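*Asks:* Structure incoming, see below.
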Amino acid sequence: MINNDEHKIDDLEEFILKWNEDFPLDRWWRKEHKVPFNSSSHREVSILDMLIEFRENGMIEDYLNFNKKLKENPYIVGTGNYLFSNIIERPLTDEEFDNIDLSKF
């Protein structure tokens with residue numbers, strides 16, 4: 001005979017595992033905001049909101065890492081490191097543009 005309490009615990013653990021497999025962003029969001037599962041704060045937020053926040057955080061992190069690398073390795077004309085940065089600090093004047101030596105390209 002199966003103990004009813006053990007069956008309930010198994011069901012609960014199965015639910016927890018399934019929930020985290022199906023909604024990994026939900027766990028990330030709750031951990032990020034220190035929000036308990038199924039609290040009113042948790043229920044107010046949609047999975048779409050969580051996804052947007054997750055992607056926004058990733059994009060900002062990528063942007064900050066790119067800027068850090070850019071400061072460590074600024075683009076120097078003629079060195080071939082153009083794949084790292086193509087940011088021009090100031091626009092060229094008409095005279096500078098007209099005097100570009102295309103034979104170097």
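Residue numbers start at 1 in each chain; chains themselves are named A, B, ... in the order of the structure tokens; ligands are numbered from 1 in the order shown.
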Any idea what's packed within 9 Å of range 51-56 of chain A, counting only C-alpha atoms, ignoring anything in its chain fewer than 2 positions away? Could you give it as a list in words?
*Replies:*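 Contacts, with the query itself left out: Leu25, Asp26, Trp28, Trp29, Ser46, Ile47, Leu48, Asp49, Gly58, Met59, Ile60 and Glu61 of chain A.
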*Asks:* Would you compute the distance between CA of Glu44 in chain A and CA of Phe15 in chain A? Give it in Å to one decimal.
*Replies:*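 Between these atoms lies a distance of 20.8 Å.
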*Asks:* So how many Å separate CA of Pro36 in chain A and CA of Ile16 in chain A, to one decimal?
*Replies:*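 Taking CA of Pro36 in chain A and CA of Ile16 in chain A, their separation equals 13.3 Å.
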